[in-house]
Amino acid sequence: MSLWLNIKDSQFGLDALPYATFRTAAHPAPRLGVRIGDLVLDVAAVTGVGAGGLDALLAAGPAAWRDVRAEITRLLSDPASEEQVRPHLVPVEDADLLLPFTVADYVDFYASEHHASNVGRMFRPDSEPLTPNWKHLPIGYHGRSGTVVVSGTDVVRPTGLRKTPDGIVDGPSIRLDIEAELGFVVGVGSEMAHPVPLAEAADHIFGITLLNDWSARDIQAWEYVPLGPFLGKSFATSISPWVLPLAALEAARVSPPERDVPLTGYLDDSALEPWALDLALEVRLNGSLVSEPPFATMYWTAPQMLAHMTANGASLRVGDLFASGTISGPEPGQRGSLLELSWSGAEPFKLDDGSMRTFLEDGDEVTITATAPAPGGGRIALGEVSGRILPAKERP
């Protein structure tokens with residue numbers, strides 16, 4: 001299928017069509033947009049769907065998701081639609097891209113065996129890298145939805161309690177880190193006491209977005225026993241303004257890594273279509289490429305994470321966001337956190353300008369991008385997620 005628009009070689013073609021919530025100086029009310037090349041189509045203006053942004057489409061369900069995508073594809077590929085559509089195309093640089101949806105609940109998982117093993121080797125060198133439960137269930141924790149922010153939002157260095165050789169210090173984190181992750185956006189919710197089975201994941205998951213779960217490793221290390229992450233994580237989580245629908249990822253489906261521990265019934269996906277995704281991420285620090293994490297190596301899949309989230313009867317809400325946890329591959333250059341890249345600070349790494357890093361310094365900017373295979377060959381892009389570190393603020 002061809003376009004009447006000239007966007008040759010763009011990774012934001014008809015195979016992609018990610019959604020955003022945006023506004024412009026001329027039209028300040030938020031509304032739904034879709035990216036095509038370097039333009040944003042005002043979906044609300046041409047289809048009547050999406051006044052206010054992405055939230056209403058999330059809630060509308062899979063049939064509406066398919067219908068709206070099909071209509072957008074038709075409008076952008078039928079030359080007879082050009083006169084109707086062209087006035088509602090905005091250059092992406094003129095669009096104010098907002099948080100794409102109202103985040104309901106936020107859950108962060110720990111789904112990469114390579115990441116979990118690296119962390120285990122660093123902090124439990126005399127024990128097995130993985131905890132005994134790791135291959136039996138997707139480990140996760142509930143985060144803070146109120147501090148999920150859109151890409152481009154500056155991140156203030158958090159202040160908190162950390163343990164030092166001289167005692168407990170209350171001050172700015174000195175081991176501020178990133179976590180390159182993939183976020184899954186829930187559309188249709190579910191009822192309490194009705195777990196979502198693996199086979200019904202696509203009825204609830206609308207799409208994906210790139211995510212950076214900023215982490216204060218020193219604050220986290222002192223607080224997390226026995227209940228897990230809290231202030232070391234909850235100060236900021238950045239997501240891309242673009243949400244790529246699952247419909248764009250059919251060519252990216254691959255089988256997950258071989259499981260060497262039998263899975264309990266509700267997590268056993270051996271008889272279902274593969275849900276691992278062949279996504280190639282790139283992590284840049286101040287413009288320097290520092291890591292290329294492969295998402296296909298993730299041990300746990302999105303349906304398994306969703307099934308586990310609801311296994312106890314917990315309900316889903318429109319706009320729930322759950323994240324994969326740090327994406328890391330088997331090679332040193334595929335590690336999705338500075339904790340791993342610097343091996344907990346013991347192995348500083350060099351940026352293109354010659355400077356060295358272990359953890360983030362004030363003024364540092366991190367940008368994460370990703371691509372996936374396109375149905376007809378080539379690649380499609382996920383919108384980037386970026387953020388810059390500002391100095392800590394003094395306590396009042």
# chains A, B, ... in the order shown; residues from 1 in each chain; ligands from 1
call {"tool": "closest_atom_pairs", "arguments": {"of": "range 305-387 of chain A", "to": "range 56-69 of chain A", "cutoff": "12 Å", "atoms": "only C-alpha atoms", "output": "tab-separated table"}}
result
residue	atom	partner	partner_atom	distance
A:Leu316	CA	A:Ala59	CA	11.6
A:Arg317	CA	A:Ala59	CA	9.1
A:Val318	CA	A:Ala59	CA	5.9
A:Gly319	CA	A:Leu58	CA	7.2
A:Asp320	CA	A:Leu58	CA	10.2
A:Leu321	CA	A:Leu58	CA	11.9
call {"tool": "residues_around", "arguments": {"residues": "Arg284 in chain A", "least_positions_apart": "3", "cutoff": "9 Å", "atoms": "only C-alpha atoms", "output": "list in words"}}
result
Gly287, Ser288, Leu289, Val290, Ser291, Glu365, Val366, Thr367, Ile368 and Thr369 of chain A
call {"tool": "closest_residue", "arguments": {"among": "A:Glu273, A:Asp177, A:Glu191, A:Asp260", "to": "Gly336 in chain A", "atoms": "only C-alpha atoms"}}
result
A:Asp177
call {"tool": "closest_residue", "arguments": {"among": "A:Pro226, A:Gly140, A:Gly160, A:Gly207", "to": "Leu176 in chain A", "atoms": "only C-alpha atoms"}}
result
A:Gly160
call {"tool": "residues_around", "arguments": {"residues": "Ala199 in chain A", "least_positions_apart": "5", "cutoff": "9 Å", "atoms": "only C-alpha atoms", "output": "PyMOL selection string"}}
result
chain A and resi 269+272-273+303
call {"tool": "closest_atom_pairs", "arguments": {"of": "range 159-269 of chain A", "to": "range 381-385 of chain A", "cutoff": "8 Å", "atoms": "only C-alpha atoms", "output": "Markdown table"}}
result
| residue | atom | partner | partner_atom | distance |
| --- | --- | --- | --- | --- |
| A:Thr209 | CA | A:Leu382 | CA | 7.1 |
| A:Leu210 | CA | A:Val385 | CA | 6.1 |
| A:Leu211 | CA | A:Val385 | CA | 6.5 |
| A:Asn212 | CA | A:Val385 | CA | 7.2 |
| A:Ser238 | CA | A:Val385 | CA | 6.8 |
| A:Ile239 | CA | A:Val385 | CA | 5.8 |
| A:Ser240 | CA | A:Val385 | CA | 4.5 |
| A:Pro241 | CA | A:Gly383 | CA | 7.1 |
| A:Trp242 | CA | A:Gly383 | CA | 5.3 |
| A:Val243 | CA | A:Leu382 | CA | 7.8 |
| A:Leu244 | CA | A:Leu382 | CA | 6.6 |
call {"tool": "write_last_selection", "arguments": {"atoms": "C-alpha atoms", "output": "CSV table (one decimal), in the first residue's frame"}}
result
chain,number,residue,atom,x,y,z
A,209,THR,CA,6.2,2.8,24.5
A,210,LEU,CA,9.8,3.3,25.3
A,211,LEU,CA,10.5,3.9,29.0
A,212,ASN,CA,13.4,5.0,31.1
A,238,SER,CA,10.1,8.9,31.6
A,239,ILE,CA,8.0,7.6,28.6
A,240,SER,CA,8.0,8.4,25.0
A,241,PRO,CA,5.1,10.6,23.7
A,242,TRP,CA,4.5,7.9,21.1
A,243,VAL,CA,2.5,4.7,21.7
A,244,LEU,CA,3.0,2.1,18.9
call {"tool": "select_by_dssp", "arguments": {"residues": "range 148-345 of chain A", "states": "strand (DSSP E or B)", "output": "PyMOL selection string"}}
result
chain A and resi 148-150+155-156+159-164+167-172+176-177+180-186+205-213+215-216+237-239+243-245+253-254+276-277+280-285+288-291+294+321-323
call {"tool": "closest_residue", "arguments": {"among": "A:Leu75, A:Val169, A:Ala251, A:Leu231", "to": "Leu5 in chain A", "atoms": "only C-alpha atoms"}}
result
A:Leu75
call {"tool": "atom_distance", "arguments": {"atom1": "CA of Lys135 in chain A", "atom2": "CA of Gly120 in chain A"}}
result
13.9 Å
call {"tool": "closest_residue", "arguments": {"among": "A:Ala20, A:Ile139, A:Pro391, A:Ile208", "to": "Glu181 in chain A", "atoms": "only C-alpha atoms"}}
result
A:Ile208
call {"tool": "closest_residue", "arguments": {"among": "A:Ala25, A:Ala216, A:Val261, A:Leu39", "to": "Thr159 in chain A", "atoms": "only C-alpha atoms"}}
result
A:Ala216
call {"tool": "select_by_dssp", "arguments": {"residues": "range 68-297 of chain A", "states": "helix (DSSP H, G or I)", "output": "VMD selection string"}}
result
chain A and resid 68 to 77 79 to 88 92 to 94 113 to 123 145 to 147 198 to 203 217 to 223 231 to 234 246 to 252 265 to 267 295 to 297
